[in-house]
Amino acid sequence: MSLTKKDVTHIAHLSRLSLTDGEIGVFTEQISSVLSYVKTLDEVETDHVAPTAQVTGLTNVVRSDAVHACTENMRNNLLAQAKVADTHGVMVPKVFD
């Protein structure tokens, strides 16, 4: 696949990149070369290959999100350890304005 300088200029504009004429020439050749190499993947026979999203066999290890009962004594002990707390819970600094 061969890109034109106009194509690379358009891609640079979309990417908010300022390229010199020399850089546009270099990137036109380089990107065209990469796209031509990737095009060779069309020659690979994949009709009998099952689609896959991941190949390691790993799965996410997560625990269920469950609410556990808390006695008033436990709650008071936890609130006593916080830097800033009121009667309802621990107060933390704002993350977003």
# chains A, B, ... in the order shown; residues from 1 in each chain; ligands from 1

$ select_by_dssp --residues "chain A" --states "helix (DSSP H, G or I)" --output "VMD selection string"
chain A and resid 5 to 14 21 to 43 72 to 81

$ residues_around --residues "Leu35 (chain A)" --least-positions-apart "5" --cutoff "9 Å" --atoms "only C-alpha atoms" --output "PyMOL selection string"
chain A and resi 1-3+30+40

$ write_last_selection --atoms "C-alpha atoms" --output "mmCIF file, in the first residue's frame"
data_model
loop_
_atom_site.group_PDB
_atom_site.id
_atom_site.type_symbol
_atom_site.label_atom_id
_atom_site.label_comp_id
_atom_site.auth_asym_id
_atom_site.auth_seq_id
_atom_site.Cartn_x
_atom_site.Cartn_y
_atom_site.Cartn_z
ATOM 1 C CA MET A 1 0.000 0.000 0.000
ATOM 2 C CA SER A 2 1.361 3.380 -0.900
ATOM 3 C CA LEU A 3 0.417 6.605 0.815
ATOM 4 C CA GLN A 30 8.085 4.670 6.252
ATOM 5 C CA THR A 40 1.272 -9.605 3.745
#

$ residues_around --residues "Ile24 (chain A)" --least-positions-apart "2" --cutoff "10 Å" --atoms "only C-alpha atoms" --output "list in words"
Thr4, Lys5, Lys6, Asp7, Val8, Thr9, Ala12, Ser18, Leu19, Thr20, Asp21, Gly22, Val26, Phe27, Thr28, Glu29 and Gln30 of chain A
